[in-house]
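Here is the structure we will look at, set down as structure tokens.
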Amino acid sequence: MRVSPQRSRLRLNGDAVLRGTRAGALRGLLLGAEHLLAESRKLVPINEATLERSGTVSVDEQELTAAVSYDTPYAVRQHEELGYRHAPGRSAKYLERPMNSEAATVAALIAAQLRRSLRGR
């Protein structure tokens with residue numbers, strides 16, 4: 001018995017793949033940064049909640065970067081001053097600590113969105 005070879009053709013639309021993965025990366029960055037913001041808000045020093053409310057997420061679509069920031073005149077000082085007294089559960093390094101402890105979760109959120117974009121969903 002003789003088997004004839006099968007031929008297949010695969011077309012890859014590279015531009016569409018790149019657009020999809022870029023969109024997935026942007027979605028992942030946004031979700032990861034929002035997760036980090038939520039976790040940091042659990043630690044941010046709180047008096048009148050002005051500092052907590054000033055927290056925001058921004059995504060630079062061109063550079064594919066995301067940032068979490070707090071915008072009050074005293075945000076940096078509150079973050080860096082280890083000697084300040086805070087309410088229970090609140091602390092200095094309110095952004096740095098979640099950045100370190102949640103790095104794997106943020107990476108997983110980004111990876112999930114990239115996988116999703118590659119599946120075409």
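The way I read the labels, and the way they are meant: chains A, B, ... in the order of the structure tokens, residue 1 as the first residue of every chain, and ligand 1 as the first ligand shown, with later ones counted on from there.
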
Considering only C-alpha atoms, tabulate each residue of region 45-65 of chain A that lies at most 10 Å from region 20-23 of chain A along with its nearest interatomic pair and the corresponding distance in Å to one decimal; arrange the rows by chain and ascending residue number and present them as a Markdown table.
```
| residue | atom | partner | partner_atom | distance |
| --- | --- | --- | --- | --- |
| A:Glu61 | CA | A:Arg22 | CA | 8.9 |
| A:Gln62 | CA | A:Arg22 | CA | 9.9 |
| A:Leu64 | CA | A:Arg22 | CA | 8.3 |
```

Exercise. DSSP on the backbone, then: every residue of region 33-81 of chain A marked helix (DSSP H, G or I), written as a list in words.
Key: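 Answer for region 33-81 of chain A, restricted to helix (DSSP H, G or I): Ala33, Glu34, His35, Leu36, Leu37, Ala38, Glu39, Ser40, Arg41, Thr50, Leu51, Glu52, Arg53, Ala75, Val76, Arg77, Gln78, His79 and Glu80 of chain A.
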
Quiz prompt | Ala107 (chain A) environment, 12 Å, only C-alpha atoms, sequence neighbours closer than 3 positions dropped, as a ChimeraX atom specification | solution = /A:25,28-33,35-36,99-104,110-114

Output of the above residues as a CSV table (one decimal), in the first residue's frame, restricted to all heavy atoms:
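Produced file part.csv, reproduced below:
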```csv
chain,number,residue,atom,x,y,z
A,25,ALA,N,-1.1,42.6,25.7
A,25,ALA,CA,-0.1,43.1,26.6
A,25,ALA,C,-0.6,44.4,27.3
A,25,ALA,O,-0.5,44.5,28.5
A,25,ALA,CB,1.2,43.4,25.9
A,28,GLY,N,-3.2,43.3,29.9
A,28,GLY,CA,-2.5,42.7,31.0
A,28,GLY,C,-1.8,43.7,31.9
A,28,GLY,O,-1.9,43.6,33.1
A,29,LEU,N,-1.1,44.7,31.2
A,29,LEU,CA,-0.5,45.8,32.0
A,29,LEU,C,-1.5,46.5,32.9
A,29,LEU,O,-1.3,46.8,34.0
A,29,LEU,CB,0.3,46.7,31.1
A,29,LEU,CG,1.6,46.2,30.5
A,29,LEU,CD1,2.1,47.2,29.4
A,29,LEU,CD2,2.6,46.2,31.7
A,30,LEU,N,-2.6,46.9,32.2
A,30,LEU,CA,-3.7,47.6,33.0
A,30,LEU,C,-4.2,46.8,34.1
A,30,LEU,O,-4.3,47.3,35.3
A,30,LEU,CB,-4.8,48.0,32.0
A,30,LEU,CG,-6.0,48.7,32.7
A,30,LEU,CD1,-5.5,50.1,33.3
A,30,LEU,CD2,-7.1,49.0,31.7
A,31,LEU,N,-4.5,45.5,33.9
A,31,LEU,CA,-5.0,44.7,35.0
A,31,LEU,C,-4.0,44.5,36.1
A,31,LEU,O,-4.3,44.5,37.3
A,31,LEU,CB,-5.4,43.3,34.4
A,31,LEU,CG,-6.7,43.3,33.5
A,31,LEU,CD1,-6.9,41.9,32.9
A,31,LEU,CD2,-7.9,43.7,34.3
A,32,GLY,N,-2.7,44.3,35.7
A,32,GLY,CA,-1.7,44.1,36.7
A,32,GLY,C,-1.5,45.4,37.5
A,32,GLY,O,-1.3,45.3,38.7
A,33,ALA,N,-1.5,46.5,36.9
A,33,ALA,CA,-1.3,47.8,37.6
A,33,ALA,C,-2.5,48.0,38.5
A,33,ALA,O,-2.4,48.5,39.6
A,33,ALA,CB,-1.1,48.9,36.6
A,35,HIS,N,-4.4,45.8,39.9
A,35,HIS,CA,-4.2,44.9,41.0
A,35,HIS,C,-3.2,45.4,42.0
A,35,HIS,O,-3.5,45.4,43.3
A,35,HIS,CB,-3.8,43.5,40.5
A,35,HIS,CG,-3.4,42.5,41.6
A,35,HIS,ND1,-4.4,41.9,42.4
A,35,HIS,CD2,-2.2,42.1,42.1
A,35,HIS,CE1,-3.8,41.1,43.3
A,35,HIS,NE2,-2.5,41.3,43.2
A,36,LEU,N,-2.1,45.9,41.5
A,36,LEU,CA,-1.1,46.5,42.4
A,36,LEU,C,-1.7,47.7,43.2
A,36,LEU,O,-1.5,47.9,44.4
A,36,LEU,CB,0.1,46.9,41.6
A,36,LEU,CG,1.3,47.5,42.4
A,36,LEU,CD1,1.8,46.6,43.5
A,36,LEU,CD2,2.4,47.9,41.5
A,99,MET,N,4.5,45.7,45.5
A,99,MET,CA,5.2,45.5,44.2
A,99,MET,C,6.0,44.2,44.3
A,99,MET,O,6.0,43.5,43.4
A,99,MET,CB,6.0,46.7,43.9
A,99,MET,CG,5.8,47.3,42.6
A,99,MET,SD,6.7,48.8,42.3
A,99,MET,CE,8.0,48.1,41.3
A,100,ASN,N,6.7,44.0,45.4
A,100,ASN,CA,7.5,42.9,45.6
A,100,ASN,C,6.7,41.6,45.9
A,100,ASN,O,6.9,40.6,45.2
A,100,ASN,CB,8.5,43.1,46.8
A,100,ASN,CG,9.5,44.1,46.4
A,100,ASN,OD1,9.9,44.3,45.3
A,100,ASN,ND2,9.9,44.8,47.4
A,101,SER,N,5.7,41.7,46.7
A,101,SER,CA,4.9,40.5,47.1
A,101,SER,C,3.9,40.1,46.0
A,101,SER,O,3.5,38.9,45.9
A,101,SER,CB,4.1,40.7,48.4
A,101,SER,OG,3.1,41.7,48.2
A,102,GLU,N,3.5,41.0,45.1
A,102,GLU,CA,2.5,40.7,44.1
A,102,GLU,C,3.1,40.5,42.7
A,102,GLU,O,2.4,40.4,41.7
A,102,GLU,CB,1.4,41.7,44.1
A,102,GLU,CG,0.6,41.9,45.4
A,102,GLU,CD,-0.1,40.6,45.7
A,102,GLU,OE1,-0.8,40.0,44.8
A,102,GLU,OE2,0.0,40.1,46.9
A,103,ALA,N,4.4,40.5,42.6
A,103,ALA,CA,5.1,40.5,41.3
A,103,ALA,C,4.6,39.2,40.5
A,103,ALA,O,4.4,39.3,39.3
A,103,ALA,CB,6.6,40.5,41.5
A,104,ALA,N,4.5,38.1,41.1
A,104,ALA,CA,4.1,36.9,40.4
A,104,ALA,C,2.7,37.0,39.9
A,104,ALA,O,2.4,36.5,38.8
A,104,ALA,CB,4.3,35.7,41.3
A,110,ILE,N,-0.6,39.5,33.3
A,110,ILE,CA,-0.2,39.9,32.0
A,110,ILE,C,-0.1,38.7,31.0
A,110,ILE,O,-0.5,38.7,29.9
A,110,ILE,CB,1.2,40.6,32.1
A,110,ILE,CG1,1.1,41.9,32.8
A,110,ILE,CG2,1.8,40.9,30.7
A,110,ILE,CD1,2.4,42.6,33.3
A,111,ALA,N,0.5,37.6,31.5
A,111,ALA,CA,0.6,36.4,30.7
A,111,ALA,C,-0.7,35.9,30.3
A,111,ALA,O,-0.9,35.4,29.1
A,111,ALA,CB,1.4,35.3,31.5
A,112,ALA,N,-1.7,35.9,31.2
A,112,ALA,CA,-3.0,35.4,30.8
A,112,ALA,C,-3.6,36.2,29.7
A,112,ALA,O,-4.3,35.7,28.8
A,112,ALA,CB,-3.9,35.4,32.1
A,113,GLN,N,-3.5,37.5,29.7
A,113,GLN,CA,-4.0,38.4,28.6
A,113,GLN,C,-3.3,38.1,27.3
A,113,GLN,O,-3.9,38.2,26.3
A,113,GLN,CB,-4.0,39.8,29.1
A,113,GLN,CG,-4.9,40.2,30.2
A,113,GLN,CD,-6.4,39.8,29.9
A,113,GLN,OE1,-6.9,40.1,28.8
A,113,GLN,NE2,-7.0,39.1,30.8
A,114,LEU,N,-2.0,37.9,27.4
A,114,LEU,CA,-1.2,37.6,26.2
A,114,LEU,C,-1.7,36.2,25.6
A,114,LEU,O,-1.9,36.1,24.4
A,114,LEU,CB,0.3,37.5,26.5
A,114,LEU,CG,1.0,38.9,26.6
A,114,LEU,CD1,2.4,38.8,27.2
A,114,LEU,CD2,1.0,39.6,25.3
```

Self-check item: A:Glu80, A:Arg116, A:Leu37, A:Gly24 ranked by distance to Pro98 (chain A), top pick (using only C-alpha atoms)
Solution: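 Ranking A:Glu80, A:Arg116, A:Leu37, A:Gly24 by distance to Pro98 (chain A), first place goes to A:Leu37.
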
Quiz item: Quick one, how far is CA of Arg41 (chain A) from CA of Ala108 (chain A)?
Solution: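 Separating CA of Arg41 (chain A) from CA of Ala108 (chain A) is a distance of 20.5 Å.
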
Mind dumping a table of every region 22-58 of chain A residue within 9 Å of region 68-75 of chain A, with the nearest atom pair and its distance in Å to one decimal, using only C-alpha atoms, sorted by chain and rising number, as a Markdown table?
```
| residue | atom | partner | partner_atom | distance |
| --- | --- | --- | --- | --- |
| A:Ala33 | CA | A:Val68 | CA | 6.3 |
| A:Glu34 | CA | A:Val68 | CA | 7.9 |
| A:Leu36 | CA | A:Val68 | CA | 7.4 |
| A:Leu37 | CA | A:Val68 | CA | 6.2 |
| A:Thr50 | CA | A:Thr72 | CA | 7.8 |
| A:Leu51 | CA | A:Thr72 | CA | 6.2 |
| A:Glu52 | CA | A:Tyr70 | CA | 7.5 |
| A:Arg53 | CA | A:Tyr70 | CA | 8.2 |
| A:Ser54 | CA | A:Tyr70 | CA | 5.2 |
| A:Gly55 | CA | A:Tyr70 | CA | 4.3 |
| A:Thr56 | CA | A:Ser69 | CA | 5.5 |
| A:Val57 | CA | A:Val68 | CA | 4.7 |
| A:Ser58 | CA | A:Val68 | CA | 6.6 |
```

I need the chosen residues saved as an mmCIF file, in the first residue's frame, with C-alpha atoms.
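Saved result, selection_26.cif, follows:
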```cif
data_model
loop_
_atom_site.group_PDB
_atom_site.id
_atom_site.type_symbol
_atom_site.label_atom_id
_atom_site.label_comp_id
_atom_site.auth_asym_id
_atom_site.auth_seq_id
_atom_site.Cartn_x
_atom_site.Cartn_y
_atom_site.Cartn_z
ATOM 1 C CA ALA A 33 -1.332 47.774 37.614
ATOM 2 C CA GLU A 34 -4.916 47.923 38.885
ATOM 3 C CA LEU A 36 -1.106 46.515 42.433
ATOM 4 C CA LEU A 37 -3.060 49.705 43.170
ATOM 5 C CA THR A 50 -6.741 61.857 50.693
ATOM 6 C CA LEU A 51 -3.567 59.904 49.978
ATOM 7 C CA GLU A 52 -5.510 56.701 49.283
ATOM 8 C CA ARG A 53 -7.889 58.470 46.885
ATOM 9 C CA SER A 54 -4.974 60.010 44.990
ATOM 10 C CA GLY A 55 -3.769 56.578 43.829
ATOM 11 C CA THR A 56 -3.966 56.080 40.084
ATOM 12 C CA VAL A 57 -2.876 53.793 37.273
ATOM 13 C CA SER A 58 -1.440 54.930 33.965
#
```
